[in-house]
$ cat target14.txt   # compact mmCIF, C-alpha atoms
# COMPACT_ATOMS: atom_id res chain seq x y z
CA MET D 683 -217.98 135.00 91.21
CA SER D 684 -217.79 133.16 87.91
CA ASP D 685 -220.18 130.48 89.15
CA GLU D 686 -222.81 133.12 89.75
CA ILE D 687 -222.28 134.58 86.29
CA ARG D 688 -222.52 131.13 84.76
CA ASP D 689 -225.78 130.45 86.61
CA GLN D 690 -227.21 133.76 85.46
CA VAL D 691 -226.18 133.19 81.85
CA LYS D 692 -227.62 129.68 81.93
CA GLY D 693 -230.81 131.01 83.51
CA ILE D 694 -231.24 133.49 80.68
CA ILE D 695 -230.53 130.89 77.97
CA ASP D 696 -233.02 128.44 79.47
CA GLY D 697 -235.59 130.91 80.74
CA GLU D 698 -236.01 133.44 77.94
CA ASP D 699 -237.99 132.76 74.78
CA VAL D 700 -235.39 134.47 72.58
CA ALA D 701 -232.04 135.42 74.12
CA LEU D 702 -229.54 137.57 72.22
CA PHE D 703 -226.08 137.88 73.73
CA MET D 704 -224.55 140.92 72.07
CA LYS D 705 -221.97 143.67 72.29
CA GLY D 706 -223.87 146.71 73.52
CA THR D 707 -227.61 147.02 73.87
CA PRO D 708 -230.40 147.29 71.27
CA GLN D 709 -230.39 151.03 71.96
CA PHE D 710 -226.62 151.33 71.54
CA VAL D 711 -225.15 148.48 69.51
CA MET D 712 -221.37 148.25 69.71
CA CYS D 713 -220.63 145.74 66.95
CA GLY D 714 -221.67 145.16 63.36
CA ASN D 715 -222.47 141.48 63.78
CA SER D 716 -224.58 142.13 66.87
CA HIS D 717 -226.47 144.72 64.83
CA ARG D 718 -227.04 142.23 62.01
CA ALA D 719 -228.39 139.59 64.38
CA LEU D 720 -230.67 142.07 66.17
CA GLU D 721 -232.10 143.39 62.90
CA ALA D 722 -232.76 139.89 61.56
CA LEU D 723 -234.58 139.00 64.80
CA ARG D 724 -236.62 142.22 64.57
CA ARG D 725 -237.60 141.46 60.97
CA ALA D 726 -238.85 138.07 62.13
CA GLY D 727 -240.80 139.75 64.94
CA ALA D 728 -238.92 137.86 67.66
CA PRO D 729 -239.50 138.90 71.28
CA VAL D 730 -235.82 139.59 71.99
CA THR D 731 -234.25 139.55 75.43
CA ALA D 732 -230.85 141.19 74.95
CA VAL D 733 -227.81 140.73 77.16
CA ASP D 734 -224.77 142.97 76.83
CA VAL D 735 -221.59 140.90 77.23
CA LEU D 736 -219.26 143.91 77.39
CA PRO D 737 -219.60 145.00 81.05
CA ASP D 738 -217.66 141.94 82.30
CA PRO D 739 -215.39 139.65 80.20
CA ARG D 740 -216.49 136.70 82.32
CA ILE D 741 -219.98 136.88 80.79
CA ARG D 742 -218.56 136.07 77.39
CA GLU D 743 -216.24 133.40 78.79
CA GLU D 744 -219.02 131.61 80.64
CA LEU D 745 -221.37 131.92 77.69
CA SER D 746 -218.89 130.39 75.24
CA THR D 747 -218.09 127.61 77.71
CA LEU D 748 -221.78 126.78 77.98
CA SER D 749 -222.57 127.04 74.27
CA GLY D 750 -219.31 125.90 72.72
CA TRP D 751 -219.66 128.86 70.35
CA PRO D 752 -216.62 131.15 70.24
CA THR D 753 -218.01 134.42 68.90
CA ILE D 754 -220.57 137.10 69.75
CA PRO D 755 -223.47 137.51 69.03
CA GLN D 756 -225.22 134.29 70.03
CA VAL D 757 -228.93 133.71 69.64
CA PHE D 758 -230.92 131.13 71.58
CA VAL D 759 -234.58 130.18 71.22
CA ARG D 760 -236.00 128.35 74.23
CA GLY D 761 -232.56 127.24 75.36
CA GLU D 762 -231.30 126.05 71.99
CA LEU D 763 -228.45 127.76 70.13
CA VAL D 764 -229.72 129.05 66.80
CA GLY D 765 -226.38 130.55 65.80
CA GLY D 766 -224.49 133.79 65.27
CA ALA D 767 -225.21 136.70 62.95
CA ASP D 768 -224.57 134.84 59.69
CA ILE D 769 -226.86 131.93 60.53
CA VAL D 770 -229.63 134.11 61.95
CA GLU D 771 -229.55 136.31 58.83
CA GLU D 772 -229.60 133.27 56.57
CA LEU D 773 -232.48 131.64 58.45
CA GLU D 774 -234.43 134.90 58.48
CA ALA D 775 -234.00 135.35 54.73
CA SER D 776 -235.19 131.82 54.01
CA GLY D 777 -238.17 132.06 56.37
CA GLU D 778 -236.83 129.29 58.61
CA LEU D 779 -236.32 131.64 61.56
CA GLU D 780 -240.02 132.55 61.60
CA GLN D 781 -240.87 128.88 61.29
CA THR D 782 -238.66 128.00 64.26
CA LEU D 783 -240.15 130.82 66.34
CA ARG D 784 -243.65 129.67 65.49
CA GLU D 785 -242.87 126.05 66.32
CA LYS D 786 -241.21 126.86 69.62
CA LEU D 787 -243.21 129.86 70.83
CA GLY D 788 -246.56 129.35 69.12
CA ASP D 789 -248.30 131.21 66.30
CA GLU D 790 -248.81 134.32 68.42
CA TYR D 791 -245.13 134.87 69.16
CA ARG D 792 -245.03 138.30 67.51
CA GLY D 793 -245.62 141.48 69.45
CA GLY D 794 -243.55 140.55 72.47
CA GLU D 795 -241.52 143.47 73.67
CA GLU D 796 -237.77 143.86 73.42
CA ARG D 797 -236.08 143.64 76.80
CA VAL D 798 -232.59 144.11 78.16
CA VAL D 799 -231.33 141.96 81.01
CA ALA D 800 -228.11 142.69 82.86
CA VAL D 801 -225.71 140.04 84.15
CA ALA D 802 -223.74 141.21 87.14
CA MET N 47 -200.69 137.82 55.67
CA ALA N 48 -203.52 136.78 57.96
CA VAL N 49 -205.59 135.88 54.91
CA ARG N 50 -202.96 133.35 53.96
CA THR N 51 -202.81 131.89 57.48
CA LEU N 52 -206.59 131.51 57.60
CA THR N 53 -206.67 130.03 54.10
CA GLU N 54 -204.03 127.47 55.03
CA LEU N 55 -205.87 126.48 58.22
CA LEU N 56 -209.12 126.03 56.31
CA GLU N 57 -207.44 124.08 53.50
CA ALA N 58 -205.88 121.79 56.10
CA ALA N 59 -209.27 121.20 57.74
CA PHE N 60 -211.16 120.87 54.45
CA PRO N 61 -208.66 119.22 52.08
CA GLY N 62 -209.65 119.44 48.45
CA ASP N 63 -212.65 121.64 49.19
CA GLU N 64 -213.42 125.13 47.96
CA VAL N 65 -212.13 127.71 50.45
CA ALA N 66 -212.13 131.50 50.15
CA VAL N 67 -210.97 134.12 52.65
CA GLU N 68 -211.59 137.82 52.18
CA ASP N 69 -210.16 140.63 54.29
CA ARG N 70 -213.31 142.76 54.42
CA THR N 71 -211.76 146.00 55.61
CA GLY N 72 -208.13 145.65 54.54
CA GLY N 73 -207.12 145.86 58.18
CA GLY N 74 -206.26 142.18 58.55
CA ASP N 75 -208.78 141.39 61.29
CA HIS N 76 -212.28 141.44 59.71
CA PHE N 77 -212.78 138.39 57.54
CA GLN N 78 -215.38 136.76 55.35
CA VAL N 79 -214.70 133.05 54.89
CA THR N 80 -216.56 130.81 52.50
CA VAL N 81 -216.26 127.04 52.54
CA ALA N 82 -217.99 124.58 50.24
CA SER N 83 -217.55 121.01 51.42
CA ARG N 84 -219.23 117.63 51.19
CA ARG N 85 -218.65 117.34 54.94
CA PHE N 86 -221.47 119.86 55.43
CA GLU N 87 -224.09 117.69 53.81
CA GLY N 88 -226.70 116.60 56.32
CA LEU N 89 -225.42 118.98 58.99
CA SER N 90 -227.29 121.92 60.49
CA LEU N 91 -225.88 125.41 59.94
CA VAL N 92 -224.75 125.45 63.58
CA GLU N 93 -222.84 122.21 63.04
CA GLN N 94 -221.35 123.51 59.78
CA HIS N 95 -220.16 126.74 61.38
CA ARG N 96 -218.74 124.80 64.32
CA LEU N 97 -216.45 122.92 61.92
CA VAL N 98 -215.21 126.25 60.55
CA TYR N 99 -214.71 127.62 64.07
CA ASP N 100 -212.77 124.47 64.99
CA ALA N 101 -210.45 125.00 62.03
CA LEU N 102 -209.87 128.63 63.03
CA ALA N 103 -209.67 128.06 66.80
CA THR N 104 -206.17 129.48 67.15
CA PRO N 105 -206.65 132.81 65.32
CA LEU N 106 -210.03 133.18 67.07
CA ALA N 107 -208.44 132.67 70.48
CA ASP N 108 -205.33 134.82 69.98
CA GLY N 109 -207.20 137.87 68.71
CA THR N 110 -206.04 137.68 65.08
CA ILE N 111 -209.70 137.55 64.09
CA HIS N 112 -211.64 140.50 65.39
CA GLU N 113 -214.74 139.84 63.32
CA LEU N 114 -215.62 136.76 61.31
CA ARG N 115 -218.37 136.16 58.80
CA ILE N 116 -218.95 132.60 57.68
CA LYS N 117 -220.73 131.24 54.65
CA THR N 118 -220.94 127.49 54.25
CA ARG N 119 -222.52 125.28 51.64
CA GLY N 120 -222.37 121.72 50.47
CA ALA N 121 -220.08 120.86 47.57
CA SER N 122 -221.88 121.12 44.25
$ encode --input "target14.txt" --output "structure tokens"
Amino acid sequence: MSDEIRDQVKGIIDGEDVALFMKGTPQFVMCGNSHRALEALRRAGAPVTAVDVLPDPRIREELSTLSGWPTIPQVFVRGELVGGADIVEELEASGELEQTLREKLGDEYRGGEERVVAVA
Amino acid sequence: MAVRTLTELLEAAFPGDEVAVEDRTGGGDHFQVTVASRRFEGLSLVEQHRLVYDALATPLADGTIHELRIKTRGAS
């Protein structure tokens, strides 16, 4: 049911330190922009929880309804939309992404492991 | 063709501002858009990109745009 998918997506946005909704998985990225966002997060040392939106089109629909953001990827830190690939790359390059991660997750945010969570 | 449509939509949303649309692959569905506007001043990047997404809502929804890269900046 779509309600269940929405609840799961919302749970991930609110519950994960850094949530990356992407096409594919970190091990098998299916889209250039998802790759760019993932690499920028890795450079910043972010503890990424990745969600593949491709298995069910409703994941993407519910996500965009919740976030008001029309494209994939989408990156959230502690429930707040940081942006898509362009913004995440720009913030990483300027050092602002690290600053945000430090402010929201604490100075010791690095070293968290990369995880994949499925929505189904 | 699509470049022109996107350019017109952006020019309508950002009248008098600097707008550029590039077809990155030549295939008519991967685009780089750049907008420089005074409307962006004081807005976060998320808010700036939202304004661009709003302007391009139709081609985003109907599949004309397969991949979009956005660069925004304040007017200089």
$ closest_residue --input "target14.txt" --among "D:Cys713, D:Leu748, D:Ala732, D:Ile694" --to "chain N" --atoms "only C-alpha atoms"
D:Cys713
$ closest_atom_pairs --input "target14.txt" --of "chain N" --to "chain D" --cutoff "9 Å" --atoms "only C-alpha atoms" --output "CSV"
residue,atom,partner,partner_atom,distance
N:Leu91,CA,D:Ile769,CA,6.6
N:Val92,CA,D:Gly765,CA,5.8
N:His95,CA,D:Ile769,CA,8.5
N:Arg96,CA,D:Trp751,CA,7.3
N:Tyr99,CA,D:Pro752,CA,7.4
N:Ala103,CA,D:Pro752,CA,8.3
N:Leu106,CA,D:Pro752,CA,7.6
N:Ala107,CA,D:Pro752,CA,8.3
N:Glu113,CA,D:Asn715,CA,7.9
N:Leu114,CA,D:Thr753,CA,8.3
N:Arg115,CA,D:Asp768,CA,6.4
N:Ile116,CA,D:Asp768,CA,6.4
N:Lys117,CA,D:Asp768,CA,7.3
$ closest_residue --input "target14.txt" --among "D:Asp699, D:Pro737, D:Glu743, D:His717" --to "Gly788 of chain D" --atoms "all atoms listed in the file"
D:Asp699
$ residues_around --input "target14.txt" --residues "Leu56 of chain N" --least-positions-apart "2" --cutoff "9 Å" --atoms "all atoms listed in the file" --output "NGL selection string"
:N and (51-54 or 58-61 or 65-66 or 81 or 98 or 101-102)
$ closest_residue --input "target14.txt" --among "N:Ala48, N:Asp63, N:Leu55, N:Asp108" --to "Phe86 of chain N" --atoms "only C-alpha atoms"
N:Asp63
$ atom_distance --input "target14.txt" --atom1 "atom CA of Met704 of chain D" --atom2 "atom CA of Ala82 of chain N"
28.0 Å
$ closest_residue --input "target14.txt" --among "D:Leu720, D:Ala726, D:Gly697, D:Arg740" --to "Ser776 of chain D" --atoms "only C-alpha atoms"
D:Ala726
$ closest_residue --input "target14.txt" --among "D:Pro729, D:Gly793, D:Pro739, D:Gly777" --to "Ala701 of chain D" --atoms "all atoms listed in the file"
D:Pro729
$ closest_residue --input "target14.txt" --among "D:Glu790, D:Glu795, D:Glu744, D:Glu778" --to "Asp685 of chain D" --atoms "only C-alpha atoms"
D:Glu744
$ atom_distance --input "target14.txt" --atom1 "atom CA of Gln94 of chain N" --atom2 "atom CA of Thr118 of chain N"
6.8 Å
$ atom_distance --input "target14.txt" --atom1 "atom CA of Ala802 of chain D" --atom2 "atom CA of Met712 of chain D"
18.9 Å
$ build_atoms --input "target14.txt" --residues "segment 79-93 of chain N" --atoms "N, CA and C atoms" --output "JSON list (two decimals), keeping the file's coordinate frame"
[["chain", "number", "residue", "atom", "x", "y", "z"],
["N", 79, "VAL", "N", -215.19, 134.33, 55.41],
["N", 79, "VAL", "CA", -214.70, 133.05, 54.89],
["N", 79, "VAL", "C", -215.87, 132.28, 54.29],
["N", 80, "THR", "N", -215.57, 131.63, 53.18],
["N", 80, "THR", "CA", -216.56, 130.81, 52.50],
["N", 80, "THR", "C", -215.97, 129.42, 52.31],
["N", 81, "VAL", "N", -216.73, 128.41, 52.70],
["N", 81, "VAL", "CA", -216.26, 127.04, 52.54],
["N", 81, "VAL", "C", -217.38, 126.21, 51.91],
["N", 82, "ALA", "N", -217.05, 125.51, 50.86],
["N", 82, "ALA", "CA", -217.99, 124.58, 50.24],
["N", 82, "ALA", "C", -217.40, 123.17, 50.39],
["N", 83, "SER", "N", -218.12, 122.33, 51.12],
["N", 83, "SER", "CA", -217.55, 121.01, 51.42],
["N", 83, "SER", "C", -218.64, 119.95, 51.49],
["N", 84, "ARG", "N", -218.28, 118.75, 51.06],
["N", 84, "ARG", "CA", -219.23, 117.63, 51.19],
["N", 84, "ARG", "C", -219.46, 117.28, 52.65],
["N", 85, "ARG", "N", -218.49, 117.64, 53.50],
["N", 85, "ARG", "CA", -218.65, 117.34, 54.94],
["N", 85, "ARG", "C", -219.88, 118.04, 55.52],
["N", 86, "PHE", "N", -220.34, 119.10, 54.88],
["N", 86, "PHE", "CA", -221.47, 119.86, 55.43],
["N", 86, "PHE", "C", -222.81, 119.19, 55.15],
["N", 87, "GLU", "N", -222.81, 118.27, 54.21],
["N", 87, "GLU", "CA", -224.09, 117.69, 53.81],
["N", 87, "GLU", "C", -224.73, 116.95, 54.98],
["N", 88, "GLY", "N", -225.98, 117.25, 55.23],
["N", 88, "GLY", "CA", -226.70, 116.60, 56.32],
["N", 88, "GLY", "C", -226.50, 117.25, 57.67],
["N", 89, "LEU", "N", -225.64, 118.30, 57.72],
["N", 89, "LEU", "CA", -225.42, 118.98, 58.99],
["N", 89, "LEU", "C", -226.24, 120.26, 59.07],
["N", 90, "SER", "N", -226.62, 120.64, 60.30],
["N", 90, "SER", "CA", -227.29, 121.92, 60.49],
["N", 90, "SER", "C", -226.29, 123.04, 60.28],
["N", 91, "LEU", "N", -226.79, 124.26, 60.10],
["N", 91, "LEU", "CA", -225.88, 125.41, 59.94],
["N", 91, "LEU", "C", -224.99, 125.58, 61.17],
["N", 92, "VAL", "N", -225.56, 125.35, 62.36],
["N", 92, "VAL", "CA", -224.75, 125.45, 63.58],
["N", 92, "VAL", "C", -223.60, 124.45, 63.54],
["N", 93, "GLU", "N", -223.89, 123.24, 63.12],
["N", 93, "GLU", "CA", -222.84, 122.21, 63.04],
["N", 93, "GLU", "C", -221.81, 122.57, 61.96]]
